[in-house]
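Trainee: Sharing a structure, written as structure tokens. Questions coming.
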Amino acid sequence: MLRVRFFTLLHLLLNRKEMELSFVPGETVRDLLSRVQEQIETPFLHKLLGESGEMKIGTIIMINGRHIFHLDKVNTLLSDGDEVALFPPGGGG
Amino acid sequence: MKLTDAILLRINLSDHTSREEPIAEALLKDYLGGRGLASKYLADEVDPRVDALSPENKLIFACGLMTGSSAPTAGRYMVVTKSPLTGTIACSNSGGIWGAVLRKTGYTMIILEGKSDKPVYISIYDNNVEFKNATHLWGKRTGETTDIVLDEVGEKRARVACIGPAGENLSRIACIINDKHRAPGRSGVGAVMGSKNLKAVVVKGSNTIDFTDKSAFTSAVKEKIDKIKAHPVTGEGLPALGTKVLDNIINQGGLYPTRNFQAATFEGVDEVSGEALVKKGYLKSNTACFACPIGCARDVELPNGIRMEGPEYETGWAFGAHCGVNDLLAICEANFLCNDLGIDTISAGVTVGTAMELYEKGFIPKEDLEEGPELKFGSSESVVYWTNKLGRVEGKLGKLMAKGSYRMAEHYGHPEFSMSVKKQELPAYDPRGVQGHGLQYATSNRGGCHVRGYMISPEVLGVPEKLDTQELKGKPKWVIIFQDLTAVIDATGLCLFTSFALGLDDYTDLINASTGFNLTPEETLKIGSRIWNLERVFNMAAGIDPSQDTLPKRMFEPLPDGPQKGAVHQLPKMLPEYYELRGWNADGTIPEPTLKDLGIV
């Protein structure tokens with residue numbers, strides 16, 4: 001199983017905190033995001049990804065607390081049991 | 001008036017006199033305004049060794065270079081003085097409207113000297129300066145004080161900056177409150193105001209700002225506003241959720257300090273996050289400071305009827321995760337108390353959390369609680385009660401807490417439990433989980449502070465580019481650039497949040513368009529370096545030696561939990577390179593050639 005968690009603007013936009021999906025061997029983060037959007041039938045990928053499909057500046061996607069920018073970005077392969085956290089760009093301090 | 005025709009108002013509180021002085025344009029070119037210009041005056045006029053709470057210290061209220069203009073977010077002012085908390089130079093920065101109205105009086109800066117023999121407040125209406133009796137205001141909270149002062153001066157459009165009971169009673173973590181909800185919050189600047197028997201400064205003005213080339217300025221402003229609105233952080237993230245967008249980001253990243261930095265993730269985050277503030281219905285709308293196209297402030301109404309601005313991320317964290325509290329209502333109430341009593345929310349929350357650890361470990365005896373609730377992590381009752389006590393500077397423990405966490409912990413024989421740098425409490429990011437930001441804490445000229453070089457932006461948020469939190473290579477250089485650029489932004493009077501969308505070239509454009517200085521970006525950044533080095537020169541003369549460029553002992557012990565479990569802060573591996581890149585000696589002192597190159601000597 002995979003656990004996808006929606007934070008900040010996505011939490012409010014989708015009015016949900018998380019969902020569980022089956023694990024598909026060989027699936028990347030990009031594949032997973034498309035699958036999630038199909039299932040919940042609400043467009044949200046534009047909040048995270050630019051027109052080219054790459055992460056927007058400031059988008060944070062973590063797998064088990066590790067930012068995918070330091071892995072293989074949206075091409076990072078998922079493993080069974082992963083928790084994927086999604087944050088559109090935000091800031092403060 | 002042109003921005004370059006700057007005038008300061010010098011007020012002597014001892015004999016209740018005031019006079020105007022022109023500010024040389026050469027000084028503006030070297031230091032711009034705000035933090036830079038005021039630090040230059042303080043360094044020239046105040047012996048760094050004076051007692052911060054003595055009449056010999058001075059208190060400076062300073063507009064940034066562009067404060068009061070239409071430049072995006074140009075409403076900031078700064079309070080510069082010697083800090084009674086850290087012993088360093090203090091510069092506390094605030095938004096709202098007050099700073100922009102100070103500029104409309106025609107004054108760029110107010111220097112307050114001496115000490116009044118009885119409580120006073122000062123009314124400044126254009127160039128009419130009046131000293132007014134404040135005996136009847138002494139002891140009153142900031143909200144009530146603001147209302148009474150506005151009623152007495154009869155100018156509803158006037159703006160008030162004042163202190164509450166904390167500043168009057170010389171709490172070393174007291175702040176100043178302007179426009180009821182905004183604060184130059186850190187380093188105890190409110191205590192300096194209290195030490196001078198100055199309750200409030202009320203301003204109203206009718207002057208307008210002229211520009212040599214108005215169309216160039218207007219054009220530059222429009223371009224920068226467009227950039228700010230188009231950026232996902234400043235155009236969408238901050239307006240929607242404010243700074244509390246960060247709770248879950250920082251918690252998920254494993255650097256969300258919990259129970260006095262004993263853990264790095266908080267199990268109660270969902271109850272206290274920015275999302276919770278919306279979901280629970282407390283958030284009514286977002287609001288904006290003067291000339292701000294972002295609008296990150298929160299207009300909040302609590303179920304008990306309290307209407308307030310906030311809480312900001314740092315405040316929510318300080319009374320929340322740091323104290324192990326998952327009660328958003330109690331957190332908001334503690335925030336409201338801090339504003340109304342005039343106390344810094346970060347230092348107050350961290351001090352309460354420090355007391356909780358000291359009590360739980362048996363270092364604070366139960367009898368010192370007097371009538372108060374037990375200082376247990378997770379107790380919302382305790383957070384509200386003890387914030388009230390320390391804000392009023394009441395009771396044995398309340399009085400100790402009002403000195404800040406370091407002095408309180410030192411009193412009980414265990415200063416190592418104070419999570420502070422140079423005696424100022426650390427904000428809401430565990431340095432073990434973000435190496436560059438930790439280096440910035442250690443080297444900050446005002447001690448534990450996140451807004452002297454917000455390395456969270458690249459290391460966690462990925463703006464302007466993503467850096468690895470644990471990578472050390474290149475971090476000292478990043479920290480220096482962030483520290484120097486931040487000094488420039490502060491000196492301009494713009495909000496640091498513009499830097500999510502704007503860069504060095506943009507700030508240089510705005511400075512040039514507003515003044516005609518024709519600076520290159522390199523010259524602009526050199527101004528930041530000049531300000532940074534000047535502050536350090538003051539600190540060194542005040543006795544703050546480089547051995548204080550460090551972190552609490554706990555930061556060199558492994559993170560106990562979360563995705564960065566096991567990480568320690570690697571300060572010794574970065575500090576020598578930081579000193580070298582700054583052009584300093586290996587022992588952290590500043591060599592004469594570096595000071596000469598910057599025009600400081």
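In the structure tokens, chains take the letters A, B, ... in the order shown, each chain's residues start at 1, and ligands count up from 1 in the order shown.
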Residues of chain A within 9 Å of chain B, counting only C-alpha atoms, what are they? List them as a PDB file with C-alpha atoms, in the first residue's frame.
Mentor:
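Once everything was written out, this is out.pdb:
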```
ATOM      1  CA  PHE A   7      -1.106  19.343   3.153  1.00  0.00           C
ATOM      2  CA  THR A   8      -1.671  23.109   3.258  1.00  0.00           C
ATOM      3  CA  LEU A   9      -3.497  24.415   0.190  1.00  0.00           C
ATOM      4  CA  HIS A  11      -5.746  19.894   2.158  1.00  0.00           C
ATOM      5  CA  LEU A  12      -8.133  22.838   1.861  1.00  0.00           C
ATOM      6  CA  LYS A  47      -0.639  23.344  -7.901  1.00  0.00           C
ATOM      7  CA  LYS A  56       7.348  24.174  -9.554  1.00  0.00           C
ATOM      8  CA  ILE A  57       9.854  26.243  -7.592  1.00  0.00           C
ATOM      9  CA  GLY A  58       8.833  25.793  -3.980  1.00  0.00           C
ATOM     10  CA  THR A  59       6.805  22.623  -4.442  1.00  0.00           C
ATOM     11  CA  ILE A  60       7.642  20.081  -1.775  1.00  0.00           C
ATOM     12  CA  MET A  62       8.483  14.104   0.370  1.00  0.00           C
ATOM     13  CA  ASN A  64       9.040   9.230   4.074  1.00  0.00           C
ATOM     14  CA  GLY A  65      10.259  12.719   5.014  1.00  0.00           C
ATOM     15  CA  ARG A  66      12.880  12.890   2.250  1.00  0.00           C
ATOM     16  CA  HIS A  67      12.439  15.651  -0.361  1.00  0.00           C
ATOM     17  CA  PHE A  69      14.455  16.891  -5.201  1.00  0.00           C
ATOM     18  CA  HIS A  70      17.380  15.001  -3.664  1.00  0.00           C
ATOM     19  CA  ALA A  85       3.529  14.023   1.388  1.00  0.00           C
ATOM     20  CA  PHE A  87       2.840  20.524  -0.367  1.00  0.00           C
ATOM     21  CA  PRO A  88       2.219  23.261  -2.943  1.00  0.00           C
ATOM     22  CA  PRO A  89       4.683  26.181  -2.664  1.00  0.00           C
ATOM     23  CA  GLY A  90       4.436  27.970   0.657  1.00  0.00           C
ATOM     24  CA  GLY A  91       6.634  30.040   2.889  1.00  0.00           C
ATOM     25  CA  GLY A  92       6.802  32.133   5.985  1.00  0.00           C
ATOM     26  CA  GLY A  93       9.007  32.598   8.970  1.00  0.00           C
TER      27      GLY A  93
END
```
Trainee: Using only C-alpha atoms, which residues sit within 7 Å of stretch 206-221 of chain B once same-chain residues fewer than 6 positions away are excluded, as a PyMOL selection string?
Mentor: chain B and resi 1-3+69+71-72+104-106+126+509-510+513-514
Trainee: Output N, CA and C atoms for every residue in the selection just made, as a compact mmCIF listing (two decimals), in the first residue's frame.
Mentor:
```
# COMPACT_ATOMS: atom_id res chain seq x y z
N MET B 1 8.66 66.02 0.16
CA MET B 1 10.01 65.65 0.61
C MET B 1 10.54 64.49 -0.22
N LYS B 2 11.86 64.56 -0.52
CA LYS B 2 12.50 63.44 -1.22
C LYS B 2 13.07 62.47 -0.18
N LEU B 3 13.18 61.20 -0.59
CA LEU B 3 13.72 60.22 0.33
C LEU B 3 15.15 60.55 0.73
N SER B 69 6.55 54.78 1.04
CA SER B 69 6.35 54.94 -0.40
C SER B 69 5.43 53.82 -0.90
N ALA B 71 6.36 51.46 -2.85
CA ALA B 71 7.11 50.22 -3.12
C ALA B 71 6.43 49.06 -2.38
N PRO B 72 6.41 47.87 -2.98
CA PRO B 72 5.66 46.79 -2.36
C PRO B 72 6.16 46.43 -0.97
N LYS B 104 5.36 59.99 7.11
CA LYS B 104 4.49 61.10 6.71
C LYS B 104 4.63 62.31 7.64
N THR B 105 5.19 62.10 8.85
CA THR B 105 5.45 63.26 9.71
C THR B 105 6.59 64.11 9.14
N GLY B 106 7.35 63.53 8.23
CA GLY B 106 8.50 64.24 7.67
C GLY B 106 9.82 63.75 8.25
N ASP B 126 3.21 65.92 12.26
CA ASP B 126 4.16 66.63 11.41
C ASP B 126 5.33 67.09 12.29
N ASP B 509 17.26 47.73 -8.26
CA ASP B 509 16.38 48.54 -9.12
C ASP B 509 15.57 49.53 -8.29
N LEU B 510 14.95 49.02 -7.24
CA LEU B 510 14.07 49.87 -6.43
C LEU B 510 14.85 50.98 -5.71
N ALA B 513 15.80 53.51 -8.40
CA ALA B 513 14.65 54.26 -8.92
C ALA B 513 14.12 55.25 -7.88
N SER B 514 14.30 54.94 -6.60
CA SER B 514 13.76 55.83 -5.57
C SER B 514 14.74 56.93 -5.17
```
Trainee: Looking only at the backbone, which of the residues in stretch 158-330 of chain B does DSSP tag as alpha helix (DSSP H), as a PyMOL selection string?
Mentor: chain B and resi 165-168+189-195+214-230+232+238-241+246-253+269-272+274-279+313-319+328-330
Trainee: Write down as a PyMOL selection string the residues belonging to chain A that are assigned strand (DSSP E) by DSSP computed on the backbone.
Mentor: chain A and resi 2-6+18-21+60-63+66-67+83-87
Trainee: So, counting only C-alpha atoms, which residue among B:Arg554, B:Asn533, B:Lys526, B:Pro119 is closest to B:Glu592?
Mentor: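 Among the listed residues, B:Asn533 lies closest to B:Glu592.
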Trainee: Need the shell around stretch 154-169 of chain B: protein/DNA/RNA residues with any atom at most 6 Å away, counting only C-alpha atoms. Skip same-chain ones fewer than 3 positions apart. Format as an mmCIF file with C-alpha atoms, in the first residue's frame?
Mentor:
```
data_model
loop_
_atom_site.group_PDB
_atom_site.id
_atom_site.type_symbol
_atom_site.label_atom_id
_atom_site.label_comp_id
_atom_site.auth_asym_id
_atom_site.auth_seq_id
_atom_site.Cartn_x
_atom_site.Cartn_y
_atom_site.Cartn_z
ATOM 1 C CA TRP B 98 2.862 52.945 12.097
ATOM 2 C CA GLY B 139 0.137 49.632 34.110
ATOM 3 C CA ARG B 141 -2.234 46.896 28.489
ATOM 4 C CA THR B 142 -1.316 47.833 24.930
ATOM 5 C CA THR B 146 -3.784 52.564 22.198
ATOM 6 C CA LEU B 150 -6.027 57.928 20.216
ATOM 7 C CA ASP B 151 -8.957 59.377 22.125
ATOM 8 C CA ALA B 174 9.386 42.780 26.397
ATOM 9 C CA ILE B 176 6.799 47.212 21.583
ATOM 10 C CA ILE B 177 3.347 46.916 20.010
ATOM 11 C CA ASN B 178 2.182 49.137 17.156
ATOM 12 C CA ASP B 179 -1.293 49.227 15.618
ATOM 13 C CA GLY B 190 10.196 47.179 25.022
ATOM 14 C CA ALA B 191 12.220 47.128 28.249
ATOM 15 C CA GLY B 194 10.125 51.225 29.726
ATOM 16 C CA LYS B 199 4.761 54.607 27.389
ATOM 17 C CA ALA B 200 3.873 55.407 23.785
ATOM 18 C CA VAL B 201 4.723 57.309 20.623
ATOM 19 C CA VAL B 202 1.742 58.459 18.577
ATOM 20 C CA VAL B 203 2.313 59.731 15.041
ATOM 21 C CA LYS B 204 0.287 61.462 12.368
ATOM 22 C CA LEU B 341 0.986 42.665 27.827
ATOM 23 C CA GLY B 342 3.731 43.594 25.344
ATOM 24 C CA GLY B 391 3.983 39.136 30.916
ATOM 25 C CA ARG B 392 2.924 40.877 34.121
#
```
Trainee: Leaving out B:Ser285 and any residue of its chain fewer than 5 positions from it, which residues lie within 9 Å of it when counting only C-alpha atoms, given as a PDB file with all heavy atoms, in the first residue's frame?
Mentor:
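Contents of out23.pdb, freshly written:
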```pdb
ATOM      1  N   ALA B 240      -3.046  32.662   1.382  1.00  0.00           N
ATOM      2  CA  ALA B 240      -4.065  31.683   1.776  1.00  0.00           C
ATOM      3  C   ALA B 240      -3.890  31.183   3.204  1.00  0.00           C
ATOM      4  O   ALA B 240      -4.858  31.088   3.960  1.00  0.00           O
ATOM      5  CB  ALA B 240      -4.033  30.497   0.821  1.00  0.00           C
ATOM      6  N   ALA B 297      -1.154  38.392   6.854  1.00  0.00           N
ATOM      7  CA  ALA B 297      -1.619  38.475   8.246  1.00  0.00           C
ATOM      8  C   ALA B 297      -2.962  37.773   8.402  1.00  0.00           C
ATOM      9  O   ALA B 297      -3.756  37.693   7.460  1.00  0.00           O
ATOM     10  CB  ALA B 297      -1.735  39.933   8.675  1.00  0.00           C
ATOM     11  N   ARG B 298      -3.192  37.248   9.608  1.00  0.00           N
ATOM     12  CA  ARG B 298      -4.425  36.493   9.899  1.00  0.00           C
ATOM     13  C   ARG B 298      -5.362  37.317  10.772  1.00  0.00           C
ATOM     14  O   ARG B 298      -4.976  37.786  11.834  1.00  0.00           O
ATOM     15  CB  ARG B 298      -4.108  35.208  10.683  1.00  0.00           C
ATOM     16  CG  ARG B 298      -3.006  34.301  10.144  1.00  0.00           C
ATOM     17  CD  ARG B 298      -3.380  33.591   8.897  1.00  0.00           C
ATOM     18  NE  ARG B 298      -3.092  34.418   7.726  1.00  0.00           N
ATOM     19  CZ  ARG B 298      -3.461  34.116   6.488  1.00  0.00           C
ATOM     20  NH1 ARG B 298      -4.167  33.033   6.258  1.00  0.00           N
ATOM     21  NH2 ARG B 298      -3.155  34.908   5.478  1.00  0.00           N
ATOM     22  N   ASP B 299      -6.587  37.479  10.327  1.00  0.00           N
ATOM     23  CA  ASP B 299      -7.620  38.075  11.175  1.00  0.00           C
ATOM     24  C   ASP B 299      -8.391  36.908  11.782  1.00  0.00           C
ATOM     25  O   ASP B 299      -9.069  36.162  11.076  1.00  0.00           O
ATOM     26  CB  ASP B 299      -8.532  38.962  10.328  1.00  0.00           C
ATOM     27  CG  ASP B 299      -9.666  39.565  11.147  1.00  0.00           C
ATOM     28  OD1 ASP B 299      -9.602  39.504  12.387  1.00  0.00           O
ATOM     29  OD2 ASP B 299     -10.618  40.079  10.537  1.00  0.00           O
ATOM     30  N   VAL B 300      -8.263  36.750  13.088  1.00  0.00           N
ATOM     31  CA  VAL B 300      -8.781  35.557  13.761  1.00  0.00           C
ATOM     32  C   VAL B 300      -9.812  35.946  14.817  1.00  0.00           C
ATOM     33  O   VAL B 300      -9.636  36.935  15.527  1.00  0.00           O
ATOM     34  CB  VAL B 300      -7.599  34.777  14.398  1.00  0.00           C
ATOM     35  CG1 VAL B 300      -8.069  33.830  15.476  1.00  0.00           C
ATOM     36  CG2 VAL B 300      -6.823  34.027  13.321  1.00  0.00           C
TER      37      VAL B 300
END
```
Trainee: Please list as a list in words every residue within 8 Å of B:Ile544, counting only C-alpha atoms and excluding residues in the same chain fewer than 4 positions away.
Mentor: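 Counting only the stated atoms, we get Gly87, Thr88, Asn539, Met540 and Gln548 of chain B.
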Trainee: Just the selected residues (N, CA and C atoms), exported as a tab-separated table (two decimals), in the first residue's frame, please.
Mentor:
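Listed below is the output, again29.tsv:
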```tsv
chain	number	residue	atom	x	y	z
B	87	GLY	N	22.73	41.75	25.13
B	87	GLY	CA	23.91	42.60	25.26
B	87	GLY	C	24.49	43.01	23.92
B	88	THR	N	23.86	42.54	22.85
B	88	THR	CA	24.30	42.90	21.49
B	88	THR	C	23.50	44.11	21.01
B	539	ASN	N	29.09	44.66	18.75
B	539	ASN	CA	28.96	43.53	19.67
B	539	ASN	C	30.30	43.17	20.34
B	540	MET	N	31.36	43.18	19.53
B	540	MET	CA	32.67	42.83	20.09
B	540	MET	C	33.07	43.86	21.15
B	548	GLN	N	30.89	33.12	21.57
B	548	GLN	CA	29.43	33.04	21.63
B	548	GLN	C	28.80	32.73	20.26
```
